[in-house]
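Student: Let me begin by handing over the structure; questions about it come next.
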Amino acid sequence: MGNSGDLEQALQDGNIFRQLNALIVAHLRHHNLSQVASVVASATMTPLYIEVPPNRLLELVAKGLAAENNGTLRGVSSSVLLPSSYGSITTPRAASIDFSVTHAKGSSKIIPKHESKTLSEHKSVVRCARFSPDGMFFATGGADTSIKLFEVPKVKQMISGDTQARPLIRTFYDHAEPINDLDFHPRSTILISSAKDNCIKFFDFSKTTAKRAFKVFQDTHNVRSVSFHPSGEFLLAGTDHPIPHLYDVNTYQCFLPSNFPDSGVSGAINQVRYSSTGSIYITASKDGAIRLFDGVSAKCVRSISNAHGKSEVTSAVFTKDQRFVLSSGKDSTVKLWEIGSGRMVKEYLGAKRIKLRSQAIFNDTEEFVISIDEASNEVVTWDARTADKVAKWPSNHNGAPRWIEHSPVESVFVTCGTDRSVRFWKESV
């Protein structure tokens, strides 16, 4: 769908529109036009509260008019439009690797050996897990409809032998059907869950006595996956419906892509994920396609059909620099795709996945790719640059894990099993 230049231009234009919309909303709010600011923010999917200096829009307009009159400042970079604190979203750390470069075989890095420990059990299959953006917490969701929240420092204390440590700090019960996915708000103590009961539920985990959601979004379909926009103002929902649903968190309004094809799209969405800045989002679908959408216009800007042959795509995640996407499918392959061109640049082989909707993930530095081998019941790791398999460890689950999730800030990860257990992995001492 389109060539590389068209996509890059679309993303650049989208970035300028996002910054312009943010400036307009901030200008209205600073001049006590809060109601109008709220309407514009909702219509353009722009966070309402962004820290922009007062009169910043006026200053830029004045400079632009001056430039138009004297011919200076032409071609100014869009990066000067907003201060570095725009939206209070941290600039993504650049990936340590240029994946588009061919790396020689034999130059693979070795991942340190990891060990795992069982933390807790659900009453049925553990279906999903997610770390908070700061890595301080992770949550798990089960087929028993419960959600468990763990505090990572207390997990480490328990593993180190502290018998007084209690890492499980919250358990939530509010869904009527099994949990499918979870996500943390980027800046608040809010955890969201999606489930087979067609609901997305919001939990405030700062309240020690809260067991139930304080907000509920009722969708029309089984909600298979959710992802917060980095601003926290919007969220994506991937459902049994083939089109992603984009919700305004404050108004409950649902947006749909404006240019989604009427034919050739038939499968449910297994996973949705935002990029680190929210400028793009992605869907991994049962019809075998990976689709990329502009984060503001919600237009589909690229579709990679048959990304895993005729098999369904089970997961898709962005690299931190937003240049590549890592996908996994039920064809037992993990693939790395260049967003600009839509071409596959790496393929990671040697781990069988044909039954479970398991994922492939990066470690926190993006030096390694990690997934599950159903046949051998092992956690498998590849060097992300060379695609060489560099490690495999017994999962220690009774049956292959169905979910794996890595901390965004350190070398720890979690596996969840059909054996109902949650295991925490860290480097061996």
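By convention here, the chains of the structure tokens are called A, B, ... in the order presented, each chain's residues are numbered starting at 1, and ligands are numbered starting at 1 in the order presented.
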Give me, as JSON lines, each residue of region 260-304 of chain A that comes within 12 Å of region 331-340 of chain A, together with its shortest interatomic pair and the distance in Å at one decimal, counting only C-alpha atoms, with rows ordered by chain and rising residue number.

Tutor:
{"residue": "A:Ser275", "atom": "CA", "partner": "A:Ile339", "partner_atom": "CA", "distance": 11.5}
{"residue": "A:Ile280", "atom": "CA", "partner": "A:Ile339", "partner_atom": "CA", "distance": 10.2}
{"residue": "A:Tyr281", "atom": "CA", "partner": "A:Ile339", "partner_atom": "CA", "distance": 11.3}
{"residue": "A:Ile282", "atom": "CA", "partner": "A:Ile339", "partner_atom": "CA", "distance": 10.6}
{"residue": "A:Gly288", "atom": "CA", "partner": "A:Asp331", "partner_atom": "CA", "distance": 10.2}
{"residue": "A:Ile290", "atom": "CA", "partner": "A:Trp337", "partner_atom": "CA", "distance": 10.0}
{"residue": "A:Arg291", "atom": "CA", "partner": "A:Ile339", "partner_atom": "CA", "distance": 10.3}
{"residue": "A:Leu292", "atom": "CA", "partner": "A:Ile339", "partner_atom": "CA", "distance": 8.4}
{"residue": "A:Phe293", "atom": "CA", "partner": "A:Ile339", "partner_atom": "CA", "distance": 11.1}
{"residue": "A:Val301", "atom": "CA", "partner": "A:Ile339", "partner_atom": "CA", "distance": 10.1}
{"residue": "A:Arg302", "atom": "CA", "partner": "A:Ile339", "partner_atom": "CA", "distance": 8.3}
{"residue": "A:Ser303", "atom": "CA", "partner": "A:Ile339", "partner_atom": "CA", "distance": 10.2}
{"residue": "A:Ile304", "atom": "CA", "partner": "A:Trp337", "partner_atom": "CA", "distance": 9.5}

Student: Applying 10 Å and only C-alpha atoms, which residues near region 352-355 of chain A remain after dropping the ones on its own chain fewer than 4 positions away? List them as a list of chain:residue names.

Tutor: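 Using only C-alpha atoms, the neighbours found are A:Ser311, A:Glu312, A:Thr314, A:Ser328, A:Gly329, A:Lys330, A:Asp331, A:Ser332, A:Thr333, A:Val334, A:Gln359, A:Ser371, A:Ile372, A:Asp373, A:Glu374, A:Ala375, A:Ser376, A:Asn377, A:Glu378, A:Ala400, A:Arg402.
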
Student: Write out as a list in words which residues come within 7 Å of region 25-41 of chain A when counting only C-alpha atoms, dropping same-chain ones fewer than 2 positions away.

Tutor: Asn21, Ala22, Leu23, Ala43, Thr44, Met45, Thr46, Pro47, Leu48, Ile50, Val52, Pro54, Asn55 and Leu57 of chain A

Student: Going by DSSP on the backbone, which bits of region 119-184 of chain A are helix (DSSP H, G or I)? Write them as a short mmCIF file (atom, residue, chain, number, x, y, z; two decimals) with N, CA and C atoms, in the first residue's frame, please.

Tutor:
data_model
loop_
_atom_site.label_atom_id
_atom_site.label_comp_id
_atom_site.auth_asym_id
_atom_site.auth_seq_id
_atom_site.Cartn_x
_atom_site.Cartn_y
_atom_site.Cartn_z
N VAL A 152 7.49 -5.37 41.37
CA VAL A 152 8.75 -6.01 40.97
C VAL A 152 9.81 -5.98 42.06
N PRO A 153 10.05 -4.85 42.77
CA PRO A 153 11.05 -4.88 43.84
C PRO A 153 10.75 -5.94 44.91
N LYS A 154 9.47 -6.14 45.20
CA LYS A 154 9.10 -7.16 46.20
C LYS A 154 9.30 -8.57 45.64
N VAL A 155 9.11 -8.73 44.33
CA VAL A 155 9.41 -10.02 43.70
C VAL A 155 10.88 -10.35 43.89
N LYS A 156 11.74 -9.38 43.65
CA LYS A 156 13.18 -9.60 43.80
C LYS A 156 13.56 -9.91 45.25
N GLN A 157 12.89 -9.23 46.17
CA GLN A 157 13.15 -9.51 47.59
C GLN A 157 12.78 -10.94 47.93
N MET A 158 11.64 -11.38 47.43
CA MET A 158 11.19 -12.75 47.71
C MET A 158 12.17 -13.76 47.12
N ILE A 159 12.60 -13.53 45.89
CA ILE A 159 13.53 -14.45 45.24
C ILE A 159 14.86 -14.49 45.97
#

Student: To one decimal place in Å, what is the distance between CA of Gly417 (chain A) and CA of Met136 (chain A)?

Tutor: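 Going from CA of Gly417 (chain A) over to CA of Met136 (chain A), I get 22.0 Å.
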
Student: Excluding Lys123 (chain A) and any residue of its chain fewer than 3 positions from it, enumerate the residues within 8 Å of it, using only C-alpha atoms, and give them as a VMD selection string.

Tutor: chain A and resid 142 to 144 420

Student: Could those selected residues go to a file with all heavy atoms, as a PDB file, in the first residue's frame?

Tutor:
ATOM      1  N   GLY A 142      -6.186 -13.936  33.842  1.00  0.00           N
ATOM      2  CA  GLY A 142      -6.445 -15.363  33.700  1.00  0.00           C
ATOM      3  C   GLY A 142      -7.797 -15.708  33.126  1.00  0.00           C
ATOM      4  O   GLY A 142      -8.703 -14.871  33.043  1.00  0.00           O
ATOM      5  N   ALA A 143      -7.926 -16.968  32.740  1.00  0.00           N
ATOM      6  CA  ALA A 143      -9.210 -17.482  32.294  1.00  0.00           C
ATOM      7  C   ALA A 143     -10.202 -17.563  33.445  1.00  0.00           C
ATOM      8  O   ALA A 143     -11.407 -17.718  33.231  1.00  0.00           O
ATOM      9  CB  ALA A 143      -9.024 -18.867  31.665  1.00  0.00           C
ATOM     10  N   ASP A 144      -9.691 -17.446  34.676  1.00  0.00           N
ATOM     11  CA  ASP A 144     -10.558 -17.430  35.858  1.00  0.00           C
ATOM     12  C   ASP A 144     -11.179 -16.058  36.090  1.00  0.00           C
ATOM     13  O   ASP A 144     -11.818 -15.832  37.113  1.00  0.00           O
ATOM     14  CB  ASP A 144      -9.781 -17.874  37.103  1.00  0.00           C
ATOM     15  CG  ASP A 144      -8.593 -16.972  37.421  1.00  0.00           C
ATOM     16  OD1 ASP A 144      -8.340 -16.015  36.664  1.00  0.00           O
ATOM     17  OD2 ASP A 144      -7.905 -17.231  38.428  1.00  0.00           O
ATOM     18  N   ARG A 420      -1.466 -22.711  34.735  1.00  0.00           N
ATOM     19  CA  ARG A 420      -2.019 -21.732  35.680  1.00  0.00           C
ATOM     20  C   ARG A 420      -0.958 -20.907  36.404  1.00  0.00           C
ATOM     21  O   ARG A 420      -1.289 -20.024  37.196  1.00  0.00           O
ATOM     22  CB  ARG A 420      -2.913 -22.416  36.737  1.00  0.00           C
ATOM     23  CG  ARG A 420      -4.019 -23.278  36.171  1.00  0.00           C
ATOM     24  CD  ARG A 420      -4.874 -23.882  37.257  1.00  0.00           C
ATOM     25  NE  ARG A 420      -4.069 -24.697  38.173  1.00  0.00           N
ATOM     26  CZ  ARG A 420      -4.534 -25.275  39.272  1.00  0.00           C
ATOM     27  NH1 ARG A 420      -5.822 -25.120  39.593  1.00  0.00           N
ATOM     28  NH2 ARG A 420      -3.755 -25.991  40.034  1.00  0.00           N
TER      29      ARG A 420
END

Student: Give me, please, the distance in Å between CA of Asp383 (chain A) and CA of Ala360 (chain A), quoted to one decimal.

Tutor: 12.9 Å

Student: Name the residues in contact with Ile169 (chain A) at a cut-off of 10 Å, using only C-alpha atoms, excluding same-chain residues fewer than 4 positions from it; report them as a list in words.

Tutor: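 My list of contacting residues is Phe137, Lys148, Leu149, Phe150, Glu151, Lys154, Phe205 and Thr208 of chain A.
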
Student: Keeping only N, CA, C and O atoms, write the selected residues to a file as a CSV table (one decimal), in the first residue's frame.

Tutor:
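File written: part_19.csv
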chain,number,residue,atom,x,y,z
A,137,PHE,N,5.9,-2.5,38.1
A,137,PHE,CA,4.8,-3.4,38.3
A,137,PHE,C,4.6,-4.3,37.1
A,137,PHE,O,5.0,-3.9,36.0
A,148,LYS,N,-4.1,-10.1,38.5
A,148,LYS,CA,-3.2,-10.0,39.6
A,148,LYS,C,-2.1,-9.0,39.3
A,148,LYS,O,-1.6,-9.0,38.2
A,149,LEU,N,-1.8,-8.2,40.3
A,149,LEU,CA,-0.8,-7.1,40.2
A,149,LEU,C,0.3,-7.4,41.1
A,149,LEU,O,0.1,-7.6,42.3
A,150,PHE,N,1.6,-7.4,40.6
A,150,PHE,CA,2.8,-7.7,41.3
A,150,PHE,C,3.7,-6.5,41.3
A,150,PHE,O,3.8,-5.7,40.4
A,151,GLU,N,4.4,-6.3,42.5
A,151,GLU,CA,5.4,-5.2,42.6
A,151,GLU,C,6.8,-5.8,42.4
A,151,GLU,O,7.2,-6.7,43.2
A,154,LYS,N,9.5,-6.1,45.2
A,154,LYS,CA,9.1,-7.2,46.2
A,154,LYS,C,9.3,-8.6,45.6
A,154,LYS,O,9.6,-9.5,46.4
A,205,PHE,N,-5.0,1.2,40.7
A,205,PHE,CA,-4.4,0.3,41.7
A,205,PHE,C,-3.7,1.0,42.8
A,205,PHE,O,-3.0,0.4,43.6
A,208,THR,N,-5.9,0.6,47.7
A,208,THR,CA,-5.7,-0.7,48.3
A,208,THR,C,-6.9,-1.6,48.4
A,208,THR,O,-6.8,-2.8,48.4

Student: Let me make sure I understand: among A:Thr386, A:Ser428, A:Thr277, A:Thr365, which one has the smallest atom-to-atom distance to Val345 (chain A) if we use only C-alpha atoms?

Tutor: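 Comparing A:Thr386, A:Ser428, A:Thr277, A:Thr365 against Val345 (chain A), the winner is A:Thr386.
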